[in-house]
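To start, the structure itself, in structure tokens.
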Protein chains: 2
Amino acid sequence: MNLEVVTIGTELLLGFTLDTNGAEIGRELAALGIRVVRRTSVADRPDEIRDAVESALRRSGAVLTTGGLGPTRDDITKRIVAELYGWPLDFDEGLWQALVERYRRRGRIPAESNRSQAEVPRGATVLPNQWGSAPGLWLEGPPGLTVMLPGVPLEMHHLLAEEVAPRLATRGGGSVIRSRTVRVTGIPESTLAERLGEIETAIAPLTLAYLPGLDGVDLRVTAWGLAAAEATRRLDAAAAELRVRAGDVVYGEDSDDLAALVLEVAREAGATIAAAESCTGGMLGARLTEIPGSSDVFVGGAVSYADHAKTALAGVPPALLAAHGAVSEPVAVAMAEGIRERLGADLAVAVTGIAGPGGGTADKPVGTVCFALSGGGETVSSRAILIGTRAEIRYRAAQAALFLLLKRLRLSFPGPEQGRTRK
Amino acid sequence: MNLEVVTIGTELLLGFTLDTNGAEIGRELAALGIRVVRRTSVADRPDEIRDAVESALRRSGAVLTTGGLGPTRDDITKRIVAELYGWPLDFDEGLWQALVERYRRRGRIPAESNRSQAEVPRGATVLPNQWGSAPGLWLEGPPGLTVMLPGVPLEMHHLLAEEVAPRLATRGGGSVIRSRTVRVTGIPESTLAERLGEIETAIAPLTLAYLPGLDGVDLRVTAWGLAAAEATRRLDAAAAELRVRAGDVVYGEDSDDLAALVLEVAREAGATIAAAESCTGGMLGARLTEIPGSSDVFVGGAVSYADHAKTALAGVPPALLAAHGAVSEPVAVAMAEGIRERLGADLAVAVTGIAGPGGGTADKPVGTVCFALSGGGETVSSRAILIGTRAEIRYRAAQAALFLLLKRLRLSFPGPEQGRTRK
């Protein structure tokens with residue numbers, strides 16, 4: 001089945017708003033085997049909307065619109081589409097009452113101009129919208145299939161997933177486009193490619209895309225036009241093969257977040273975590289505490305940006321700072337051990353580095369970051385050169401620190417190690 | 001002048017890629033008074049591309065394409081457009097040499113298949129691309145104006161700003177669409193609207209949009225179809241009027257970032273800043289240290305997530321925590337004073353709250369956040385109920401803390417106040 005998308009809104013053409021709806025529809029329908037063959041964005045103008053919907057129906061026989069369904073002048077889309085089908089608009093008392101009730105709960109009364117929102121083209125199916133005031137509409141008849149959704153992303157999202165996708169699920173002709181992503185971090189793309197070897201041949205007819213980003217490299221495998229069960233079987237096999245070949249740099253799949261994984265594994269292990277951050281300035285703590293319930297595991301940390309803050313908050317001896325400089329493995333070790341002891345945590349990670357653009361030297365160029373991980377009787381330190389802008393270096397440093405935590409936790413913390421500091 | 005945009009790429013329709021190029025073109029051209037009347041996204045398929053470009057030229061007489069200009073199968077767009085104009089493709093030796101040189105710098109040699117990248121429709125103007133391998137093209141003739149740009153966002157961005165915009169600048173008919181944004185925070189939209197009163201009448205024919213977001217509310221004024229100088233004059237006047245009416249909740253304009261403003265004003269005042277964060281978990285530190293050079297001003301802070309971390313890092317007396325609870329103004333005051341003293345900063349801000357989804361009580365519902373600001377001999381505390389999801393409450397809490405810092409700094413810190421704690 002082919003389908004076109006028409007997104008309606010002057011804001012889209014002016015570039016004030018990104019067309020996230022259009023992208024979401026593409027992903028959702030591809031997973032059902034429905035091919036979006038064209039997407040058209042037009043302004044809130046009757047002649048433009050009519051021309052776009054009419055020609056989409058003529059070309060492809062099916063169109064999904066977003067936007068142009070709100071009150072006042074925006075509901076022009078509904079009138080135009082009803083005209084294309086030759087269907088009159090009926091006032092729907094049930095919809096009106098639902099709207100009145102919605103306003104009442106907010107202590108308001110709908111205006112007379114809102115009555116048009118309760119009008120439905122005769123023969124259309126109403127797609128109830130409990131997240132907003134304008135329902136979706138499903139019209140199927142001589143010119144083809146037209147699905148109309150509101151433009152507010154949250155409302156569009158729910159209606160697409162809960163009302164539209166189930167109705168379209170049987171129309172994809174049985175073949176789907178489906179993807180799976182294996183997420184790796186802490187390895188350059190070229191080294192990763194060497195590890196993977198002739199993977200493309202091994203997973204054919206599935207295709208592989210390398211998607212390098214701040215989190216690391218995402219390996220996206222895609223099954224094109226296979227039956228749903230076959231696609232899933234092959235994606236499972238390909239993901240397993242990727243995991244084996246990539247090895248210890250894999251941290252998760254699809255939308256897995258490294259901070260969420262760290263908290264999950266630590267919670268299972270009954271371990272608490274602390275952090276001492278210099279160049280990341282709080283990003284590590286922010287990422288961990290972004291996750292609901294993180295207080296079970298994350299006790300807190302020091303944002304020890306200035307040298308004297310490293311001493312005041314994590315007990316780093318001034319002599320150590322003077323001898324090695326703030327960006328050094330001995331200081332990272334002292335930061336990690338200091339914050340772990342002060343907060344009584346099982347495990348502590350420390351990050352100190354030069355995010356740039358200033359501050360680099362020949363010895364320690366911009367991007368130099370030292371890490372330390374303390375817990376279970378030992379403290380391990382490491383040093384890396386991260387690349388990118390200031391924001392990228394900082395994000396990558398936080399991601400690397402989280403990955404150190406995850407790898408350590410996966411080695412079933414607390415381990416049997418005795419107290420020693422290892423370089 | 002009207003123009004249509006055609007963005008080419010299967011990834012766009014599958015939703016793997018957001019059409020950021022389309023939005024950027026809309027903004028850039030609107031500022032020149034050129035109206036983008038339609039945007040069409042099509043797959044990398046010759047028939048789809050031909051139909052989209054041909055019908056755009058027929059309807060509007062001008063089209064700008066992005067994508068479909070790379071090597072191998074992607075350069076189909078150039079062949080299709082050349083055919084529409086009836087212009088043959090000539091091999092351009094200069095372009096080829098530039099491409100060879102580009103490869104050489106990377107230690108590579110272009111393949112024979114790359115030669116097609118050096119082909120130019122006879123009569124087209126080459127728009128040199130120093131950021132990538134495929135140049136832009138400008139074709140003007142019987143079917144209309146076609147501008148072809150590469151799809152890589154960075155390359156598109158440079159060519160649009162440096163090659164296309166100057167050529168189109170004189171065609172906007174002298175009238176432009178231009179916006180200015182006044183940024184406010186810490187005030188509900190409805191209260192803001194009351195403050196602004198009959199502002200729409202005062203700024204007509206400019207229009208005003210309220211854009212509520214996590215940073216606060218952005219007030220965007222837009223001049224539609226005025227001469228450039230007139231638009232600027234009216235936008236200046238409207239922004240000034242908005243600033244006066246909105247009052248003390250204004251923090252900046254356009255893309256001003258609150259953290260950057262805090263650092264700038266503190267640097268001028270010669271003041272250093274520390275932070276003690278509970279519910280924001282490091283976001284405040286992360287926002288401040290995102291800005292290059294922040295180490296001049298921001299010395300560090302405590303991420304005192306657990307109660308005992310508030311004591312260990314900021315010296316909050318356990319008895320105070322027991323008496324008032326971690327989310328209370330007295331604890332916020334102790335956090336701010338404790339971290340300021342330990343780090344020897346001039347000014348310290350503290351945030352402690354319930355970000356949810358769990359942890360709320362009847363007394364202190366989810367969203368309750370207490371703030372304290374310590375410095376210049378006094379500590380001031382306040383309490384707010386912030387709304388939204390966990391992520392939204394946290395972001396808003398960090399933003400509110402930054403705004404407290406900025407307001408205080410603008411009152412020309414250090415002030416003449418004597419040592420006292422004020423509620």
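Ordering of the structure tokens sets the chain letters (A, B, ...); residue numbers start at 1 within each chain; ligands are numbered from 1 in the order shown.
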Shell of 6 Å around region 65-67 of chain A, only C-alpha atoms, local chain residues under 3 positions omitted, as a ChimeraX atom specification: /A:5-8,148-151
Preceding selection exported with N, CA and C atoms as an mmCIF file, in the first residue's frame:
data_model
loop_
_atom_site.group_PDB
_atom_site.id
_atom_site.type_symbol
_atom_site.label_atom_id
_atom_site.label_comp_id
_atom_site.auth_asym_id
_atom_site.auth_seq_id
_atom_site.Cartn_x
_atom_site.Cartn_y
_atom_site.Cartn_z
ATOM 1 N N VAL A 5 1.562 11.854 2.633
ATOM 2 C CA VAL A 5 1.316 12.622 3.847
ATOM 3 C C VAL A 5 1.241 14.095 3.468
ATOM 4 N N VAL A 6 0.241 14.787 3.988
ATOM 5 C CA VAL A 6 0.143 16.230 3.787
ATOM 6 C C VAL A 6 0.156 16.881 5.165
ATOM 7 N N THR A 7 1.200 17.652 5.451
ATOM 8 C CA THR A 7 1.254 18.345 6.740
ATOM 9 C C THR A 7 0.902 19.807 6.494
ATOM 10 N N ILE A 8 -0.048 20.294 7.297
ATOM 11 C CA ILE A 8 -0.637 21.604 7.050
ATOM 12 C C ILE A 8 -0.238 22.589 8.141
ATOM 13 N N MET A 148 -7.429 12.126 8.720
ATOM 14 C CA MET A 148 -7.087 13.479 9.166
ATOM 15 C C MET A 148 -6.754 13.457 10.642
ATOM 16 N N LEU A 149 -5.561 13.935 10.979
ATOM 17 C CA LEU A 149 -5.140 13.968 12.379
ATOM 18 C C LEU A 149 -4.815 15.404 12.784
ATOM 19 N N PRO A 150 -4.967 15.699 14.084
ATOM 20 C CA PRO A 150 -4.577 17.040 14.543
ATOM 21 C C PRO A 150 -3.070 17.245 14.408
ATOM 22 N N GLY A 151 -2.631 18.504 14.437
ATOM 23 C CA GLY A 151 -1.219 18.808 14.233
ATOM 24 C C GLY A 151 -0.389 18.847 15.507
#
Nearby residues (only C-alpha atoms) at most 6 Å from region 347-357 of chain A, same-chain spacing under 6 positions excluded, as a PyMOL selection string: chain A and resi 273-279+327+332+335-336+340+366-375+390+393
Surrounding residues of region 35-52 of chain B excluding itself and chain neighbours under 5 positions, 8 Å, only C-alpha atoms, as an MDAnalysis selection string: (chainID A and resid 13:14 37:43) or (chainID B and resid 1:13 22 26 29:30 68 74 76:77 80:81)
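Excluding Leu95 (chain B) itself and any same-chain residue fewer than 5 positions from it, the protein and nucleic acid residues within 12 Å of it, counting only C-alpha atoms, are Asp90, Val100, Glu101, Arg102, Asn114, Arg115, Ser116, Gln117, Ala118, Glu119, Val120, Val126, Leu127, Pro128, Asn129, Gln130, Ser133, Ala134, Pro135 and Gly136 of chain B.
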Could you turn the residues from that selection into a file that holds C-alpha atoms, as a compact mmCIF listing (two decimals), in the first residue's frame?
# COMPACT_ATOMS: atom_id res chain seq x y z
CA ASP B 90 29.09 19.30 -20.10
CA VAL B 100 40.67 15.35 -7.46
CA GLU B 101 42.46 17.82 -5.18
CA ARG B 102 39.81 17.32 -2.47
CA ASN B 114 32.84 10.32 -9.54
CA ARG B 115 33.36 11.99 -12.93
CA SER B 116 29.63 12.60 -13.23
CA GLN B 117 29.92 14.98 -10.26
CA ALA B 118 31.91 17.31 -12.50
CA GLU B 119 29.14 17.47 -15.12
CA VAL B 120 27.25 20.73 -15.40
CA VAL B 126 27.99 26.50 -10.52
CA LEU B 127 27.68 27.40 -6.80
CA PRO B 128 31.09 26.35 -5.41
CA ASN B 129 30.91 24.04 -2.40
CA GLN B 130 34.05 24.17 -0.28
CA SER B 133 32.19 17.37 -3.01
CA ALA B 134 28.95 18.20 -4.84
CA PRO B 135 28.55 21.86 -5.91
CA GLY B 136 25.21 23.63 -5.98
Residue list (helix (DSSP H, G or I), DSSP) for region 68-271 of chain B, as a PyMOL selection string: chain B and resi 72-85+93-105+112-118+153-171+189-196+199-203+228-249+258-269
Filtering to C-alpha atoms, could you give me those residues as an mmCIF file, in the first residue's frame?
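Full text of result_35.cif as output:
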data_model
loop_
_atom_site.group_PDB
_atom_site.id
_atom_site.type_symbol
_atom_site.label_atom_id
_atom_site.label_comp_id
_atom_site.auth_asym_id
_atom_site.auth_seq_id
_atom_site.Cartn_x
_atom_site.Cartn_y
_atom_site.Cartn_z
ATOM 1 C CA THR B 72 26.754 7.267 -7.919
ATOM 2 C CA ARG B 73 23.006 6.923 -8.212
ATOM 3 C CA ASP B 74 22.290 10.088 -6.267
ATOM 4 C CA ASP B 75 23.187 12.480 -9.077
ATOM 5 C CA ILE B 76 19.967 11.563 -10.868
ATOM 6 C CA THR B 77 18.502 14.923 -9.832
ATOM 7 C CA LYS B 78 20.989 16.841 -11.956
ATOM 8 C CA ARG B 79 20.211 14.740 -15.059
ATOM 9 C CA ILE B 80 16.477 15.092 -14.547
ATOM 10 C CA VAL B 81 16.581 18.848 -14.092
ATOM 11 C CA ALA B 82 18.918 19.285 -17.077
ATOM 12 C CA GLU B 83 16.374 17.356 -19.159
ATOM 13 C CA LEU B 84 13.526 19.600 -17.965
ATOM 14 C CA TYR B 85 15.493 22.595 -19.270
ATOM 15 C CA GLU B 93 37.485 20.229 -16.102
ATOM 16 C CA GLY B 94 37.893 22.841 -13.337
ATOM 17 C CA LEU B 95 35.321 21.145 -11.137
ATOM 18 C CA TRP B 96 36.962 17.779 -11.765
ATOM 19 C CA GLN B 97 40.393 19.102 -10.764
ATOM 20 C CA ALA B 98 38.925 20.576 -7.579
ATOM 21 C CA LEU B 99 37.393 17.186 -6.794
ATOM 22 C CA VAL B 100 40.672 15.354 -7.459
ATOM 23 C CA GLU B 101 42.457 17.824 -5.176
ATOM 24 C CA ARG B 102 39.807 17.316 -2.474
ATOM 25 C CA TYR B 103 40.348 13.557 -2.597
ATOM 26 C CA ARG B 104 44.121 13.962 -2.670
ATOM 27 C CA ARG B 105 44.093 15.904 0.596
ATOM 28 C CA GLU B 112 35.664 6.885 -12.474
ATOM 29 C CA SER B 113 32.062 7.014 -11.236
ATOM 30 C CA ASN B 114 32.837 10.319 -9.538
ATOM 31 C CA ARG B 115 33.360 11.989 -12.929
ATOM 32 C CA SER B 116 29.626 12.597 -13.228
ATOM 33 C CA GLN B 117 29.922 14.980 -10.264
ATOM 34 C CA ALA B 118 31.912 17.312 -12.504
ATOM 35 C CA PRO B 153 22.909 20.023 6.285
ATOM 36 C CA LEU B 154 26.271 21.756 6.795
ATOM 37 C CA GLU B 155 26.881 22.071 3.041
ATOM 38 C CA MET B 156 23.294 23.158 2.408
ATOM 39 C CA HIS B 157 23.588 25.756 5.167
ATOM 40 C CA HIS B 158 26.708 27.385 3.759
ATOM 41 C CA LEU B 159 25.560 27.372 0.144
ATOM 42 C CA LEU B 160 22.157 28.768 1.095
ATOM 43 C CA ALA B 161 23.616 31.627 3.138
ATOM 44 C CA GLU B 162 26.630 32.435 0.983
ATOM 45 C CA GLU B 163 25.554 31.672 -2.588
ATOM 46 C CA VAL B 164 21.765 31.531 -2.782
ATOM 47 C CA ALA B 165 20.557 34.214 -0.364
ATOM 48 C CA PRO B 166 22.661 37.014 -1.921
ATOM 49 C CA ARG B 167 21.363 36.090 -5.401
ATOM 50 C CA LEU B 168 17.733 36.038 -4.218
ATOM 51 C CA ALA B 169 18.004 39.114 -1.992
ATOM 52 C CA THR B 170 16.870 41.498 -4.707
ATOM 53 C CA ARG B 171 13.894 39.376 -5.752
ATOM 54 C CA GLU B 189 1.331 32.615 30.193
ATOM 55 C CA SER B 190 -2.043 33.935 31.405
ATOM 56 C CA THR B 191 -0.435 36.359 33.897
ATOM 57 C CA LEU B 192 1.939 37.502 31.183
ATOM 58 C CA ALA B 193 -0.983 38.144 28.829
ATOM 59 C CA GLU B 194 -2.599 40.343 31.516
ATOM 60 C CA ARG B 195 0.603 42.334 31.874
ATOM 61 C CA LEU B 196 0.845 42.847 28.140
ATOM 62 C CA ILE B 199 -0.400 44.808 23.006
ATOM 63 C CA GLU B 200 -1.653 43.462 19.666
ATOM 64 C CA THR B 201 -3.268 46.826 18.881
ATOM 65 C CA ALA B 202 -0.162 48.715 19.982
ATOM 66 C CA ILE B 203 2.179 46.807 17.679
ATOM 67 C CA ALA B 228 13.348 45.714 5.336
ATOM 68 C CA ALA B 229 14.156 49.020 7.050
ATOM 69 C CA GLU B 230 10.549 49.555 8.070
ATOM 70 C CA ALA B 231 10.359 46.000 9.446
ATOM 71 C CA THR B 232 13.481 46.537 11.537
ATOM 72 C CA ARG B 233 12.234 49.870 12.870
ATOM 73 C CA ARG B 234 8.861 48.433 13.853
ATOM 74 C CA LEU B 235 10.406 45.289 15.360
ATOM 75 C CA ASP B 236 12.721 47.424 17.489
ATOM 76 C CA ALA B 237 9.775 49.493 18.705
ATOM 77 C CA ALA B 238 7.617 46.419 19.385
ATOM 78 C CA ALA B 239 10.409 44.649 21.298
ATOM 79 C CA ALA B 240 10.940 47.763 23.419
ATOM 80 C CA GLU B 241 7.207 47.962 24.156
ATOM 81 C CA LEU B 242 7.107 44.280 25.105
ATOM 82 C CA ARG B 243 10.065 44.729 27.450
ATOM 83 C CA VAL B 244 8.377 47.631 29.204
ATOM 84 C CA ARG B 245 5.048 45.850 29.606
ATOM 85 C CA ALA B 246 6.454 42.444 30.601
ATOM 86 C CA GLY B 247 8.803 44.080 33.112
ATOM 87 C CA ASP B 248 11.143 42.127 35.372
ATOM 88 C CA VAL B 249 10.450 38.715 33.829
ATOM 89 C CA LEU B 258 20.087 32.363 30.466
ATOM 90 C CA ALA B 259 23.235 30.532 31.620
ATOM 91 C CA ALA B 260 25.394 32.529 29.201
ATOM 92 C CA LEU B 261 23.837 35.785 30.449
ATOM 93 C CA VAL B 262 24.501 34.816 34.082
ATOM 94 C CA LEU B 263 28.161 34.164 33.325
ATOM 95 C CA GLU B 264 28.512 37.379 31.353
ATOM 96 C CA VAL B 265 27.008 39.603 34.035
ATOM 97 C CA ALA B 266 28.907 37.803 36.825
ATOM 98 C CA ARG B 267 32.170 38.200 34.939
ATOM 99 C CA GLU B 268 31.553 41.936 34.573
ATOM 100 C CA ALA B 269 30.752 42.163 38.280
#
Per residue of chain B within 6 Å of chain A, record the nearest atom pair and its distance in Å to one decimal, counting only C-alpha atoms, with rows in chain order and ascending residue number, as a tab-separated table.
residue	atom	partner	partner_atom	distance
B:Leu13	CA	A:Gly26	CA	5.5
B:Leu14	CA	A:Gly26	CA	4.5
B:Gly15	CA	A:Ala23	CA	3.8
B:Ala23	CA	A:Gly15	CA	3.8
B:Glu24	CA	A:Gly15	CA	5.9
B:Gly26	CA	A:Leu14	CA	4.5
B:Arg27	CA	A:Gly15	CA	5.0
B:Arg38	CA	A:Val42	CA	5.0
B:Arg39	CA	A:Ser41	CA	5.0
B:Thr40	CA	A:Thr40	CA	4.4
B:Ser41	CA	A:Arg39	CA	5.0
B:Val42	CA	A:Arg38	CA	5.0
B:Gly281	CA	A:Ala286	CA	4.9
B:Gly282	CA	A:Gly282	CA	3.9
B:Met283	CA	A:Ala286	CA	5.1
B:Gly285	CA	A:Gly282	CA	5.1
B:Ala286	CA	A:Gly282	CA	4.7
B:Thr289	CA	A:Gly281	CA	5.6
B:Val299	CA	A:Ala306	CA	4.8
B:Gly300	CA	A:Tyr305	CA	4.7
B:Gly301	CA	A:Val303	CA	4.8
B:Ala302	CA	A:Ala302	CA	4.8
B:Val303	CA	A:Gly301	CA	4.8
B:Ser304	CA	A:Gly300	CA	4.9
B:Tyr305	CA	A:Gly300	CA	4.7
B:Ala306	CA	A:Val299	CA	4.8
B:Ala309	CA	A:Leu343	CA	5.9
B:Leu343	CA	A:Ala309	CA	5.9
Sel. of strand (DSSP E or B) residues, region 147-287 of chain B, as a count of residues only: 41
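CA of Leu137 (chain B) is found 6.4 Å from CA of Ala124 (chain B).
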